[in-house]
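Input: a single structure, listed below in structure tokens.
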Amino acid sequence: MTPVATPFFFYLLSGIMLIGGILVITRKNAVHSALALIGTLLAQAGLYLMLYAPFVAGVQIILYAGGIMVLFLFVIMLVSIERTMKERQFNRQWLVGIVAASVLGGLFITVYTKGKDIFPMRALPAVEAQNTQNVGDLLYGQYMFSFEIASLLLLVAIIGAVVMAKKRI
Amino acid sequence: MNEVIQYIKSYLDSDRTPGSAGNMFWAFVYIVLIFLGLSVAVIAMNWLERKILAHMQVRLGPMRVGPHGLLQPIADALKLLLKEDIMPAEADGFVFWVAPLLVVLAAFTVFIVVPFGPTHAVTDMNIGVLFMLGVSSLSVLGIVMAGWASNSHYPLIGALRSSAQMVSYEVAMGLAVVSVILMTSLNDAGTGTLSMIGIVQAQLAQQEWFVFKFFPLGLIGFFIFAVAMVAETNRAPFDLPEAESELTAGFHTEYSGFRWSLFFLAEYSAMIAVSSIAVTLWLGGWLRPFPNLLHGSTWELVFSLFPGISFLLLAAMCFYNTARMPKHPFFRIQTIGLGAFGALLGLIGLILFIPAVSVRVGDIYWFSIKVAAFMYLYIWYRGTFPRYRFDQLMKVGWKILLPMGLGLLILTAGVGLRIELWAQFLEMWHRL
Amino acid sequence: MDAMLHISTLHYLVLGAALFLLGVIGVLTRRNVVIVLMSIELILNAVNLNLVAFSRLWGGLHGQVFAIFVITDAAAEAAVGLGILIAFFRNKETINVDEVNLLKW
């Protein structure tokens, strides 16, 4: 597949992601935050496609945007939020939080400006036709043990969620 | 200027879809064609549903608006566009506005990968099936948002029920689809494919529609998918969340006018989308019946006459009904209209006999005929089956279809592996 | 300008870092538990973006496989976290992080 207009799509999708991220953490209404997060996740799937990872993009759309966000919206609808919308939405130590985050941001900037020479600027071949098969080979070959543990983890999570949300054990 | 014309014409000699060839102009043309075709199909579905349901219930259906009600969908569309747009008080304005948009977007984006022919898709993503399943699961989000934003309890319960139903049957659909992907890997290289065009080409190479493969495993997979897709699109007999006698139209109760027509459009487009998945995966996509068994130029000629003959049949039915119209001056305009419609259909049929047209349109015709058969099945289900209660619905989805899907997956893998192991064993035997 | 037009791995890393920061700010400053959980999802997505970008840089697919595992774990964690939230909400009728202080009864 010949890539077309890569910088335009990168900046468009990253703009959507950043605006969505800012909306997630600043909206008072939890449903609006969830919608912004859905936009961010879909834009991220687009970025995965640009990074020649179509299988991860498909998994992101199915699991994250179509599964986890539905779960979030269900819970937001079940938990009554009209009362919470009238309360204060940022907690008392918001200043400390912002300072801590900006220290972390400074750390990131330092690392990326000092270390940007370690990334080789080479153009990699666009191998996409075999992506799903190769991911499958890795998943069921080298990472078989992690795969089984992940399925066990999902089973434990299902049982845990059901037990937590039941009215009477 | 010459290069532009060269660029535009470069698609006509290529053997790939416009997206794979990187030709944006033709991709855009295909998108416009799909959009127009979908609109015509939804309008036709509206009329067909009312007429066929009526005839199943021994009545006539719409007869007044045009000849035999042919202009009824257009009248409905006009009415919906002119209706007042009501938003309930205290409803969340932004979410109320975005919800039908999201559902329509999810329903239409699926058609990017639907293959109407070996090069007649907008693009051929190599995760085609995964993309279709994922994007059709985004419509659940739109429904949940629509129910919540209406700020009224009927839509809320309807949205919760509808989304729970859709999420449950997506699992069964996914398992049936995975069993088909296993069948595509039974070639020499041992690699299957997720791309829709690749799946149909695998059926062509293995000379068997996947619905008949490993009998009865393909049939069971097809059955699971056929039931799950009816539940996925909230159609009868699984339409409890939007039935009028149960929940006063469920999640789209508070929507009126143009917004309701967006939900309607999205529902019928989703029906056509999941039917095209079923046709591509099990029924051989755009392949005509017996492409390998009955090959040769005479059989090709015979099968290429089918599109024209079917349109001429429709035209003949129109002319027959024109002759049966009452001979009263009241009905003069309707008689003339029906005759003109019949003449139009006959003209299209005659155009489809021209070899240059029929060789390009053949694939699209066979695909559309199979999808039209599924649409008839949808209407037939609606006229025949009583509605499932919600707990029965969830029981069918989780306790019946899901174990069937899992068992089908294991059996398909076992049978496919046995054939490969048997082939390797025979090869070793012959080498000894 | 040329550095901005040619998209390299560094662009993706900076984007991932920005998303990570937004998620951290969300976790540290919001009172609504659901929004805190959504900010955690933002953090996990930023990590995924880094993983896939590095997988593209170095050619192997291990980063993508790891990203798939992270998405699976995020699903499990979101389910359990929301289950805990529902159980807590049923007892105390609030979804305010500041009032999750059972040790102070």
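Quick note on naming: the chains in the structure tokens go A, B, ... in the order shown, residues restart at 1 in each chain, and ligands are numbered from 1 in order of appearance.
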Contact set, chain C to chain A: 8 Å, only C-alpha atoms, as a PyMOL selection string: chain C and resi 5-10+14-15+17-19+21-26+28-32+34-35+38-39+42+45+49+52-53+56-57+59+61-62+64-65+67-69+71-73+75-80+82-84+86-87+89+94-96+98
Chain B contacts on chain A, only C-alpha atoms, 6 Å, as a PyMOL selection string: chain A and resi 1+58+61-62+66
8 Å contact set for Phe54 (chain C), only C-alpha atoms, chain neighbours under 4 positions out, as a ChimeraX atom specification: /C:9,50,58,63
Nearby residues (only C-alpha atoms) at most 7 Å from region 36-50 of chain B, same-chain spacing under 3 positions excluded, as an MDAnalysis selection string: chainID B and resid 32:33 53:54 61 70 72:73 265 268 379
Computed interatomic separation between CA of Phe311 (chain B) and CA of Leu350 (chain B) (Å):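 Result for CA of Phe311 (chain B) versus CA of Leu350 (chain B): 8.3 Å, one decimal.
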Backbone-only DSSP, helix (DSSP H, G or I) members of chain C, as a ChimeraX atom specification: /C:2-5,9-29,33-58,62-92,97-99,102-104
Write the residues you've just listed into a file as a PDB file, in the first residue's frame, and include C-alpha atoms for each of them.
```
ATOM      1  CA  ASP C   2      11.688  19.655   7.319  1.00  0.00           C
ATOM      2  CA  ALA C   3      11.946  17.878  10.650  1.00  0.00           C
ATOM      3  CA  MET C   4       8.247  18.520  11.190  1.00  0.00           C
ATOM      4  CA  LEU C   5       7.286  17.224   7.757  1.00  0.00           C
ATOM      5  CA  THR C   9       9.667   7.687  15.539  1.00  0.00           C
ATOM      6  CA  LEU C  10      10.363  10.700  17.728  1.00  0.00           C
ATOM      7  CA  HIS C  11       7.071  12.264  16.683  1.00  0.00           C
ATOM      8  CA  TYR C  12       5.173   9.228  17.918  1.00  0.00           C
ATOM      9  CA  LEU C  13       7.134   9.155  21.169  1.00  0.00           C
ATOM     10  CA  VAL C  14       6.431  12.813  21.867  1.00  0.00           C
ATOM     11  CA  LEU C  15       2.734  12.231  21.177  1.00  0.00           C
ATOM     12  CA  GLY C  16       2.766   9.255  23.542  1.00  0.00           C
ATOM     13  CA  ALA C  17       4.474  11.327  26.225  1.00  0.00           C
ATOM     14  CA  ALA C  18       1.876  14.093  25.850  1.00  0.00           C
ATOM     15  CA  LEU C  19      -0.979  11.621  26.216  1.00  0.00           C
ATOM     16  CA  PHE C  20       0.737  10.092  29.246  1.00  0.00           C
ATOM     17  CA  LEU C  21       0.978  13.506  30.861  1.00  0.00           C
ATOM     18  CA  LEU C  22      -2.681  14.217  30.201  1.00  0.00           C
ATOM     19  CA  GLY C  23      -3.597  10.893  31.794  1.00  0.00           C
ATOM     20  CA  VAL C  24      -1.427  11.597  34.840  1.00  0.00           C
ATOM     21  CA  ILE C  25      -3.005  15.015  35.313  1.00  0.00           C
ATOM     22  CA  GLY C  26      -6.432  13.408  35.052  1.00  0.00           C
ATOM     23  CA  VAL C  27      -5.650  10.801  37.686  1.00  0.00           C
ATOM     24  CA  LEU C  28      -4.140  13.335  40.091  1.00  0.00           C
ATOM     25  CA  THR C  29      -6.717  16.101  39.877  1.00  0.00           C
ATOM     26  CA  VAL C  33     -13.934   7.919  39.974  1.00  0.00           C
ATOM     27  CA  VAL C  34     -15.130   7.102  36.455  1.00  0.00           C
ATOM     28  CA  ILE C  35     -13.065   9.922  34.989  1.00  0.00           C
ATOM     29  CA  VAL C  36     -10.034   8.748  36.962  1.00  0.00           C
ATOM     30  CA  LEU C  37     -10.489   5.291  35.431  1.00  0.00           C
ATOM     31  CA  MET C  38     -10.753   6.833  31.979  1.00  0.00           C
ATOM     32  CA  SER C  39      -7.509   8.729  32.561  1.00  0.00           C
ATOM     33  CA  ILE C  40      -5.880   5.416  33.409  1.00  0.00           C
ATOM     34  CA  GLU C  41      -7.066   4.150  30.026  1.00  0.00           C
ATOM     35  CA  LEU C  42      -5.396   7.196  28.459  1.00  0.00           C
ATOM     36  CA  ILE C  43      -2.123   6.272  30.173  1.00  0.00           C
ATOM     37  CA  LEU C  44      -2.340   2.693  28.896  1.00  0.00           C
ATOM     38  CA  ASN C  45      -3.022   3.941  25.381  1.00  0.00           C
ATOM     39  CA  ALA C  46       0.038   6.177  25.481  1.00  0.00           C
ATOM     40  CA  VAL C  47       2.144   3.171  26.479  1.00  0.00           C
ATOM     41  CA  ASN C  48       0.644   1.163  23.621  1.00  0.00           C
ATOM     42  CA  LEU C  49       1.507   3.882  21.143  1.00  0.00           C
ATOM     43  CA  ASN C  50       5.123   3.830  22.314  1.00  0.00           C
ATOM     44  CA  LEU C  51       5.279   0.058  22.034  1.00  0.00           C
ATOM     45  CA  VAL C  52       3.904  -0.035  18.486  1.00  0.00           C
ATOM     46  CA  ALA C  53       6.130   2.861  17.382  1.00  0.00           C
ATOM     47  CA  PHE C  54       9.216   1.036  18.612  1.00  0.00           C
ATOM     48  CA  SER C  55       8.022  -2.169  17.004  1.00  0.00           C
ATOM     49  CA  ARG C  56       7.906  -0.308  13.699  1.00  0.00           C
ATOM     50  CA  LEU C  57      11.372   1.155  14.273  1.00  0.00           C
ATOM     51  CA  TRP C  58      13.159  -2.083  15.036  1.00  0.00           C
ATOM     52  CA  HIS C  62       7.163  -8.160  19.584  1.00  0.00           C
ATOM     53  CA  GLY C  63       5.966  -4.640  20.367  1.00  0.00           C
ATOM     54  CA  GLN C  64       2.653  -5.282  18.668  1.00  0.00           C
ATOM     55  CA  VAL C  65       2.135  -8.540  20.551  1.00  0.00           C
ATOM     56  CA  PHE C  66       2.897  -6.757  23.805  1.00  0.00           C
ATOM     57  CA  ALA C  67       0.391  -4.023  22.833  1.00  0.00           C
ATOM     58  CA  ILE C  68      -2.284  -6.685  22.328  1.00  0.00           C
ATOM     59  CA  PHE C  69      -1.540  -8.044  25.807  1.00  0.00           C
ATOM     60  CA  VAL C  70      -1.769  -4.531  27.270  1.00  0.00           C
ATOM     61  CA  ILE C  71      -5.171  -4.018  25.636  1.00  0.00           C
ATOM     62  CA  THR C  72      -6.373  -7.342  27.086  1.00  0.00           C
ATOM     63  CA  ASP C  73      -5.167  -6.380  30.553  1.00  0.00           C
ATOM     64  CA  ALA C  74      -6.783  -2.962  30.255  1.00  0.00           C
ATOM     65  CA  ALA C  75     -10.099  -4.656  29.532  1.00  0.00           C
ATOM     66  CA  ALA C  76      -9.782  -6.916  32.578  1.00  0.00           C
ATOM     67  CA  GLU C  77      -8.763  -4.031  34.810  1.00  0.00           C
ATOM     68  CA  ALA C  78     -11.571  -1.773  33.599  1.00  0.00           C
ATOM     69  CA  ALA C  79     -14.115  -4.514  34.290  1.00  0.00           C
ATOM     70  CA  VAL C  80     -12.881  -5.151  37.815  1.00  0.00           C
ATOM     71  CA  GLY C  81     -12.458  -1.452  38.584  1.00  0.00           C
ATOM     72  CA  LEU C  82     -15.975  -0.635  37.466  1.00  0.00           C
ATOM     73  CA  GLY C  83     -17.298  -3.610  39.443  1.00  0.00           C
ATOM     74  CA  ILE C  84     -15.648  -2.228  42.567  1.00  0.00           C
ATOM     75  CA  LEU C  85     -17.108   1.180  41.765  1.00  0.00           C
ATOM     76  CA  ILE C  86     -20.619  -0.211  41.486  1.00  0.00           C
ATOM     77  CA  ALA C  87     -20.251  -2.132  44.755  1.00  0.00           C
ATOM     78  CA  PHE C  88     -18.959   0.968  46.507  1.00  0.00           C
ATOM     79  CA  PHE C  89     -21.643   3.182  45.013  1.00  0.00           C
ATOM     80  CA  ARG C  90     -24.299   0.832  46.274  1.00  0.00           C
ATOM     81  CA  ASN C  91     -23.021   1.307  49.811  1.00  0.00           C
ATOM     82  CA  LYS C  92     -22.140   4.958  49.988  1.00  0.00           C
ATOM     83  CA  VAL C  97     -12.666   9.782  45.243  1.00  0.00           C
ATOM     84  CA  ASP C  98     -12.271  11.991  48.301  1.00  0.00           C
ATOM     85  CA  GLU C  99     -15.009  10.101  50.099  1.00  0.00           C
ATOM     86  CA  LEU C 102     -13.587   3.723  54.804  1.00  0.00           C
ATOM     87  CA  LEU C 103     -10.778   3.631  57.388  1.00  0.00           C
ATOM     88  CA  LYS C 104     -12.101   6.885  58.798  1.00  0.00           C
TER      89      LYS C 104
END
```
Between CA of Ile348 (chain B) and CA of Pro115 (chain B) - distance in Å to one decimal: 23.0 Å
Residues within 8 Å of region 250-257 of chain B, only C-alpha atoms, excluding chain neighbours under 2 positions, as a ChimeraX atom specification: /B:79-88,143,146-147,150,154-159,241-244,247-248,259-261,263
